[in-house]
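Trainee: Hey, dropping my_file_16.txt in here, compact mmCIF, C-alpha atoms:
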# COMPACT_ATOMS: atom_id res chain seq x y z
CA MET A 2 70.41 33.72 74.12
CA LEU A 3 66.65 33.39 73.46
CA TYR A 4 65.17 32.07 70.25
CA ARG A 5 61.52 32.26 69.17
CA LEU A 6 59.76 29.15 67.81
CA GLY A 7 55.98 28.88 67.20
CA GLY A 8 55.12 31.61 69.70
CA ARG A 9 57.46 30.20 72.39
CA TRP A 10 60.73 31.65 73.67
CA LEU A 11 63.40 28.97 73.93
CA LEU A 12 66.68 29.19 75.77
CA ARG A 13 69.72 27.97 73.85
CA LEU A 14 71.76 25.52 75.91
CA PRO A 15 75.48 26.03 76.51
CA VAL A 16 77.76 23.99 74.27
CA SER A 17 78.86 21.71 77.12
CA GLN A 18 75.26 20.86 78.06
CA LEU A 19 74.34 20.40 74.43
CA GLY A 20 77.15 17.90 73.94
CA ALA A 21 76.18 16.01 77.08
CA ARG A 22 72.56 15.69 75.92
CA ALA A 23 73.73 14.63 72.48
CA ALA A 24 75.68 11.79 74.09
CA LEU A 25 72.52 10.71 75.91
CA LEU A 26 70.59 10.72 72.66
CA ALA A 27 73.30 8.55 71.03
CA PRO A 28 74.41 6.10 73.77
CA GLY A 29 76.60 4.03 71.45
CA THR A 30 79.08 6.80 70.52
CA THR A 31 82.49 7.20 72.09
CA GLY A 32 85.09 9.94 72.10
CA SER A 33 84.42 13.66 72.11
CA PRO A 34 80.85 14.92 72.31
CA GLN A 35 79.18 15.42 68.89
CA ARG A 36 76.56 17.96 67.92
CA PRO A 37 73.13 16.34 67.46
CA ALA A 38 71.44 16.32 64.05
CA VAL A 39 68.79 18.74 65.37
CA PRO A 40 68.86 21.03 68.41
CA VAL A 41 67.71 19.45 71.65
CA TRP A 42 64.87 21.90 72.11
CA VAL A 43 63.41 20.87 68.74
CA VAL A 44 63.42 17.18 69.73
CA THR A 45 61.81 18.06 73.05
CA SER A 46 59.14 20.19 71.44
CA VAL A 47 58.25 17.59 68.81
CA SER A 48 58.10 14.85 71.43
CA ALA A 49 55.81 16.93 73.61
CA PHE A 50 53.52 17.62 70.64
CA GLY A 51 53.36 14.02 69.56
CA SER A 52 52.70 12.69 73.03
CA GLY A 53 49.16 13.96 73.29
CA ARG A 54 48.30 17.22 71.65
CA ALA A 55 47.64 15.75 68.19
CA ASP A 56 44.66 13.70 69.31
CA GLY A 57 43.62 15.89 72.22
CA TRP A 58 40.65 17.35 70.34
CA TYR A 59 39.20 13.91 69.64
CA GLU A 60 39.72 12.71 73.21
CA SER A 61 37.89 15.83 74.39
CA LEU A 62 35.05 15.08 71.99
CA ALA A 63 34.87 11.42 73.06
CA ALA A 64 34.59 12.45 76.71
CA SER A 65 32.19 15.36 76.11
CA SER A 66 28.72 15.61 77.64
CA PRO A 67 26.79 15.21 74.34
CA VAL A 68 28.64 11.96 73.62
CA LYS A 69 27.88 10.72 77.14
CA VAL A 70 24.21 11.51 76.54
CA ALA A 71 24.36 9.53 73.29
CA GLU A 72 25.93 6.59 75.15
CA GLU A 73 23.19 6.63 77.78
CA LEU A 74 20.57 6.80 75.03
CA LEU A 75 22.00 3.73 73.30
CA LEU A 76 22.30 1.83 76.59
CA SER A 77 18.73 2.71 77.55
CA ALA A 78 17.42 1.51 74.19
CA HIS A 79 19.37 -1.73 74.56
CA THR A 80 18.23 -2.34 78.14
CA THR A 81 14.60 -1.38 77.59
CA SER A 82 14.06 -3.22 74.32
CA GLY A 83 16.03 -6.35 75.22
CA LEU A 84 17.13 -6.55 71.60
CA PRO A 85 20.62 -7.60 70.53
CA TRP A 86 22.93 -4.70 69.83
CA TRP A 87 22.30 -4.63 66.08
CA GLY A 88 18.58 -4.28 66.82
CA SER A 89 19.19 -1.62 69.47
CA ILE A 90 21.24 0.45 67.02
CA LEU A 91 18.50 0.11 64.42
CA LEU A 92 15.78 1.01 66.94
CA THR A 93 17.68 4.06 68.21
CA THR A 94 18.29 5.33 64.67
CA VAL A 95 14.64 4.97 63.66
CA ALA A 96 13.46 6.62 66.88
CA MET A 97 15.85 9.59 66.61
CA ARG A 98 15.05 10.07 62.94
CA GLY A 99 11.33 9.91 63.60
CA VAL A 100 11.23 12.07 66.72
CA VAL A 101 13.91 14.65 65.91
CA THR A 102 14.82 14.92 62.24
CA LEU A 103 11.44 14.18 60.60
CA PRO A 104 9.68 17.16 62.26
CA LEU A 105 12.66 19.35 61.36
CA ALA A 106 12.56 18.08 57.77
CA VAL A 107 8.84 18.92 57.60
CA TYR A 108 9.59 22.41 58.90
CA GLN A 109 12.37 22.77 56.33
CA HIS A 110 9.99 21.92 53.47
CA TYR A 111 7.40 24.27 54.97
CA ILE A 112 9.85 27.18 54.84
CA ILE A 113 11.10 26.27 51.36
CA ALA A 114 7.52 26.11 50.05
CA LYS A 115 6.67 29.54 51.46
CA VAL A 116 9.85 31.03 49.98
CA GLU A 117 9.03 29.46 46.61
CA ASN A 118 5.52 30.93 46.69
CA LEU A 119 7.05 34.37 47.25
CA GLN A 120 9.06 34.24 44.03
CA PRO A 121 6.37 35.73 41.74
CA GLU A 122 5.93 38.63 44.14
CA ILE A 123 9.69 39.10 44.40
CA LYS A 124 10.03 39.14 40.60
CA ASN A 125 7.25 41.72 40.37
CA ILE A 126 8.94 43.90 42.98
CA ALA A 127 12.26 43.55 41.17
CA ARG A 128 10.72 44.69 37.87
CA HIS A 129 9.04 47.76 39.38
CA LEU A 130 12.10 48.66 41.44
CA ASN A 131 14.31 48.41 38.35
CA GLN A 132 12.04 50.84 36.53
CA GLU A 133 11.97 53.22 39.50
CA VAL A 134 15.75 53.22 39.87
CA ALA A 135 16.15 53.85 36.12
CA VAL A 136 13.87 56.87 36.37
CA ARG A 137 15.72 58.23 39.41
CA ALA A 138 19.10 57.61 37.79
CA HIS A 139 18.04 59.62 34.73
CA GLN A 140 16.49 62.34 36.89
CA PHE A 141 19.47 62.82 39.22
CA GLY A 142 22.24 61.80 36.85
CA TRP A 143 23.38 58.73 38.78
CA SER A 144 26.20 56.62 37.41
CA LYS A 145 25.60 52.96 36.60
CA ARG A 146 27.49 51.98 39.74
CA VAL A 147 25.33 54.18 41.99
CA ALA A 148 22.15 52.95 40.33
CA ARG A 149 23.22 49.32 40.76
CA ILE A 150 24.09 49.81 44.44
CA THR A 151 20.78 51.60 45.05
CA TYR A 152 18.85 48.82 43.34
CA PHE A 153 20.47 45.97 45.29
CA LYS A 154 20.26 47.81 48.61
CA ASN A 155 16.53 48.46 48.26
CA MET A 156 15.89 45.01 46.83
CA ARG A 157 17.47 43.34 49.85
CA ARG A 158 15.37 45.50 52.14
CA LEU A 159 12.12 44.74 50.35
CA VAL A 160 12.79 41.00 50.16
CA SER A 161 13.70 40.93 53.86
CA GLU A 162 10.39 42.64 54.63
CA LEU A 163 8.59 39.89 52.69
CA TYR A 164 10.42 37.19 54.67
CA VAL A 165 9.48 38.89 57.93
CA ARG A 166 5.88 39.32 56.81
CA ASP A 167 5.49 35.63 55.98
CA ASN A 168 7.90 34.43 58.71
CA CYS A 169 9.92 32.33 56.25
CA HIS A 170 13.52 33.49 56.24
CA PRO A 171 15.53 30.92 54.21
CA PHE A 172 18.04 30.51 57.03
CA LYS A 173 15.33 28.74 59.03
CA ALA A 174 15.45 25.93 56.47
CA THR A 175 19.00 25.14 57.61
CA VAL A 176 17.94 24.23 61.17
CA LEU A 177 17.77 20.56 60.15
CA ILE A 178 21.46 20.28 59.26
CA TRP A 179 22.54 22.10 62.44
CA ILE A 180 20.73 19.46 64.52
CA GLN A 181 21.18 16.36 62.38
CA LEU A 182 24.94 16.60 61.78
CA PRO A 183 25.97 16.98 65.47
CA MET A 184 23.58 14.18 66.44
CA TRP A 185 25.14 11.92 63.79
CA ILE A 186 28.64 12.74 65.05
CA PHE A 187 27.83 12.21 68.74
CA ILE A 188 26.18 8.83 68.20
CA SER A 189 29.03 7.72 65.95
CA VAL A 190 31.61 8.65 68.58
CA ALA A 191 29.54 6.95 71.29
CA LEU A 192 29.51 3.71 69.28
CA ARG A 193 33.24 4.07 68.74
CA ASN A 194 33.74 4.36 72.51
CA PHE A 195 31.70 1.19 73.02
CA SER A 196 33.62 -0.69 70.32
CA MET A 197 37.00 0.31 71.76
CA GLY A 198 35.97 -0.73 75.27
CA VAL A 199 36.71 2.65 76.83
CA THR A 200 33.42 3.01 78.65
CA HIS A 201 30.53 1.25 80.37
CA SER A 202 29.66 -2.26 81.45
CA GLU A 203 26.40 -4.06 82.14
CA ALA A 204 26.07 -6.89 84.67
CA GLY A 205 29.83 -7.20 84.79
CA ILE A 206 30.10 -7.60 81.01
CA SER A 207 31.60 -4.72 79.08
CA VAL A 208 29.64 -3.25 76.20
CA GLN A 209 32.57 -4.09 73.95
CA GLU A 210 32.13 -7.79 74.75
CA GLN A 211 28.41 -7.52 74.10
CA LEU A 212 29.02 -5.85 70.75
CA ALA A 213 31.48 -8.60 69.83
CA THR A 214 28.56 -11.04 69.80
CA GLY A 215 25.75 -8.60 69.07
CA GLY A 216 25.86 -8.60 65.28
CA VAL A 217 23.87 -10.54 62.70
CA LEU A 218 24.26 -12.10 59.26
CA TRP A 219 27.69 -11.43 57.77
CA PHE A 220 28.78 -9.07 60.59
CA PRO A 221 28.35 -11.06 63.84
CA ASP A 222 31.09 -9.00 65.54
CA LEU A 223 30.10 -5.34 65.70
CA THR A 224 33.53 -4.32 66.99
CA ALA A 225 35.27 -5.66 63.87
CA LEU A 226 35.50 -4.16 60.38
CA ASP A 227 33.15 -5.39 57.70
CA SER A 228 35.56 -7.41 55.59
CA THR A 229 32.89 -8.02 52.93
CA TRP A 230 32.48 -4.25 52.34
CA ILE A 231 28.72 -4.76 52.07
CA LEU A 232 27.92 -2.18 54.75
CA PRO A 233 30.35 0.47 53.43
CA VAL A 234 29.23 0.11 49.81
CA SER A 235 25.58 0.23 50.89
CA VAL A 236 26.21 3.45 52.82
CA GLY A 237 27.79 5.09 49.77
CA ALA A 238 25.10 3.81 47.38
CA ILE A 239 22.18 5.10 49.47
CA ASN A 240 23.83 8.49 49.98
CA LEU A 241 24.43 8.75 46.24
CA LEU A 242 20.80 7.87 45.61
CA ILE A 243 19.68 10.66 47.94
CA VAL A 244 21.88 13.14 46.07
CA GLU A 245 20.55 12.01 42.69
CA ILE A 246 16.93 12.33 43.87
CA PHE A 247 17.68 15.89 44.96
CA ALA A 248 19.39 16.66 41.64
CA LEU A 249 16.51 15.23 39.58
CA GLN A 250 13.99 17.55 41.21
CA LYS A 251 16.10 20.61 40.39
CA ILE A 252 15.67 21.96 36.87
CA GLY A 253 18.17 24.48 35.57
CA MET A 254 20.54 24.44 38.55
CA SER A 255 22.96 27.34 38.88
CA ARG A 256 26.69 26.80 38.59
CA PHE A 257 27.07 27.02 42.37
CA GLN A 258 24.31 24.42 42.91
CA LYS A 259 26.07 22.11 40.45
CA TYR A 260 29.35 22.52 42.34
CA VAL A 261 27.64 21.74 45.65
CA THR A 262 25.87 18.71 44.17
CA ASN A 263 29.12 17.33 42.74
CA PHE A 264 30.87 17.95 46.06
CA VAL A 265 28.21 15.97 47.93
CA ARG A 266 28.53 13.21 45.34
CA GLY A 267 32.25 13.08 46.07
CA VAL A 268 31.62 12.93 49.81
CA SER A 269 29.17 10.05 49.28
CA VAL A 270 31.80 8.09 47.37
CA LEU A 271 34.43 8.92 49.98
CA MET A 272 32.17 7.51 52.69
CA VAL A 273 32.71 4.00 51.27
CA PRO A 274 36.41 3.66 52.24
CA ILE A 275 35.80 5.58 55.46
CA ALA A 276 33.01 3.21 56.49
CA ALA A 277 35.32 0.30 55.72
CA THR A 278 37.80 1.50 58.36
CA VAL A 279 35.39 1.82 61.29
CA PRO A 280 33.79 -0.90 63.45
CA SER A 281 30.70 -2.53 61.98
CA ALA A 282 28.57 -0.95 64.73
CA ILE A 283 29.31 2.51 63.31
CA ALA A 284 28.91 1.39 59.69
CA LEU A 285 25.55 -0.18 60.61
CA TYR A 286 24.42 3.07 62.22
CA TRP A 287 25.48 5.05 59.15
CA LEU A 288 23.58 2.65 56.90
CA CYS A 289 20.42 2.86 59.03
CA SER A 290 20.67 6.65 59.21
CA SER A 291 21.12 6.96 55.44
CA PHE A 292 18.23 4.61 54.76
CA MET A 293 15.98 6.64 57.07
CA GLY A 294 17.11 9.80 55.31
CA LEU A 295 16.14 8.27 51.95
CA SER A 296 12.77 7.17 53.35
CA GLN A 297 12.06 10.64 54.74
CA ASN A 298 13.02 12.21 51.43
CA LEU A 299 10.54 10.02 49.58
CA LEU A 300 7.83 10.47 52.23
CA LEU A 301 8.08 14.27 51.99
CA ARG A 302 7.27 14.00 48.28
CA SER A 303 3.86 12.49 49.02
CA PRO A 304 1.05 15.02 48.35
CA GLY A 305 -1.06 13.43 51.09
CA PHE A 306 1.70 13.65 53.70
CA ARG A 307 2.53 17.25 52.70
CA GLN A 308 -1.13 18.17 53.06
CA LEU A 309 -1.27 16.40 56.44
CA CYS A 310 1.74 18.47 57.60
CA ARG A 311 0.17 21.65 56.17
CA ILE A 312 3.05 22.32 53.83
CA PRO A 313 1.83 24.95 51.34
CA LEU A 314 1.23 23.93 47.75
CA THR A 315 3.70 25.29 45.21
CA MET A 316 3.81 25.53 41.43
CA SER A 317 6.50 22.82 41.31
CA ASP A 318 4.43 20.28 43.26
CA SER A 319 3.32 17.20 41.35
CA HIS A 320 0.27 15.01 41.87
CA THR A 321 2.31 11.97 40.78
CA PRO A 322 5.74 12.62 42.35
CA TYR A 323 6.95 9.02 42.39
CA LYS A 324 5.97 8.38 38.79
CA ASP A 325 7.69 11.60 37.73
CA LEU A 326 10.78 10.71 39.75
CA TRP A 327 11.06 7.28 38.14
CA ALA A 328 10.56 8.79 34.68
CA ALA A 329 13.31 11.36 35.30
CA PHE A 330 15.62 8.68 36.73
CA HIS A 331 14.98 6.36 33.79
CA THR A 332 15.57 9.14 31.27
CA LYS A 333 18.83 10.28 32.88
CA PHE A 334 20.48 6.92 33.47
CA PHE A 335 18.94 4.52 30.93
CA LEU A 336 18.04 6.61 27.89
CA ARG A 337 21.23 8.66 27.68
CA LYS A 338 22.83 8.62 24.27
Would you give me this structure, written as structure tokens?
Mentor:
Amino acid sequence: MLYRLGGRWLLRLPVSQLGARAALLAPGTTGSPQRPAVPVWVVTSVSAFGSGRADGWYESLAASSPVKVAEELLLSAHTTSGLPWWGSILLTTVAMRGVVTLPLAVYQHYIIAKVENLQPEIKNIARHLNQEVAVRAHQFGWSKRVARITYFKNMRRLVSELYVRDNCHPFKATVLIWIQLPMWIFISVALRNFSMGVTHSEAGISVQEQLATGGVLWFPDLTALDSTWILPVSVGAINLLIVEIFALQKIGMSRFQKYVTNFVRGVSVLMVPIAATVPSAIALYWLCSSFMGLSQNLLLRSPGFRQLCRIPLTMSDSHTPYKDLWAAFHTKFFLRK
């Protein structure tokens, strides 16, 4: 008789075969065959699942082409620079942040500035459209539901036309995260491969052995965990600082924005124990990446740099951004009653 389990058809064994397999599963029993605690096909299925399917996705990621490219990038930086591995990781992070993510961050701020400058025009359109819909609703006897649907449908169309006109659709501002997050993952996995000794060697010496002596200060072994927790705590602290800087520049956040901000705060705190469970090479990369992210965030507040990158001026721009940021930070965290 056939039985269905998890999309698979399984054949029930005859009683005699079932008893024989039960005896094999319990070699110490004597006497008549006993029925096993669970059917044999369940044990077989669970064993097959546990033998390789659970971590198959990660093994596929670790052996993927983007991760291999990240490994070659790290090896090239190490070979070309001649720096110890901690310096090579630092150099690679700074280079990737400067060459890839900084231009994307500039483009993100460019789009956000153009969208912000459209807000007065959008509000004006919304006011006139609301009046026009009210007149039409009274003229044709529309219900409130029909009037509301008509308003939102035309408003979306008109706003989309503005975005097309100025070439600043808000979705373009998300390009940074779609590039930065995969890059962060691939480099992290590449460093994990090096630390576990599953790939590469140079001059007969494995990269794992080089990493074991390629650290500095309190983490001389980059393949080991940071027992002092200095790297993990630093990663969490810098990420939290980035979140707070973002929150301080937002006045009157919506409920959804508050939820997202609190969620990112939670992720930043969660990164501390996570960073404490990975090799110091990965924790060092995360720290360098977070520090570069903080530096870019502060740099993009500079009026001179924004003007150099031709980011449009907005009503929310300040001529003294760093002074204003410190004042807001001091008020929020030191003058709270």
Trainee: Near segment 276-292 of chain A, within 10 Å and counting only C-alpha atoms, which residues show up once chain neighbours fewer than 4 positions away are dropped, as a PyMOL selection string?
Mentor: chain A and resi 86-87+90-95+97-98+185+188-193+195-197+212-213+215-216+220-243+271-272+296-298
Trainee: So how many Å separate atom CA of Leu314 of chain A and atom CA of Ala114 of chain A, to one decimal?
Mentor: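 Straight-line distance from atom CA of Leu314 of chain A to atom CA of Ala114 of chain A works out to 7.0 Å.
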Trainee: Could you tell me which of A:Leu119, A:Cys310, A:Leu299, A:Leu76 comes closest to His170 of chain A if we count all atoms listed in the file?
Mentor: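 Distance minimum relative to His170 of chain A lands on A:Leu119.
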Trainee: Which of these residues is nearest to His331 of chain A, using all atoms listed in the file: A:Leu249, A:Ser269, A:Leu84, A:Ile126?
Mentor: A:Leu249
Trainee: I'd like the interatomic distance between atom CA of Gly294 of chain A and atom CA of Leu103 of chain A, to a tenth of an Å.
Mentor: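 Between atom CA of Gly294 of chain A and atom CA of Leu103 of chain A the gap works out to 8.9 Å.
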Trainee: Give me, please, the distance in Å between atom CA of Leu309 of chain A and atom CA of Tyr108 of chain A, quoted to one decimal.
Mentor: 12.7 Å
Trainee: Considering only C-alpha atoms, can you say which of A:Tyr59, A:Val217, A:Ile150, A:His320 comes closest to Phe306 of chain A?
Mentor: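 Closest to Phe306 of chain A of all the choices is A:His320.
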Trainee: Which residue out of A:Ile275, A:Phe187, A:Ala127, A:Phe153 has the minimum interatomic distance to Leu74 of chain A when only C-alpha atoms are used?
Mentor: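 Closest to Leu74 of chain A, using only C-alpha atoms: A:Phe187.
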Trainee: Counting all atoms listed in the file, figure out which residue out of A:Gln209, A:Ser89, A:Asn194, A:Gln181 gets nearest to Ser77 of chain A.
Mentor: A:Ser89
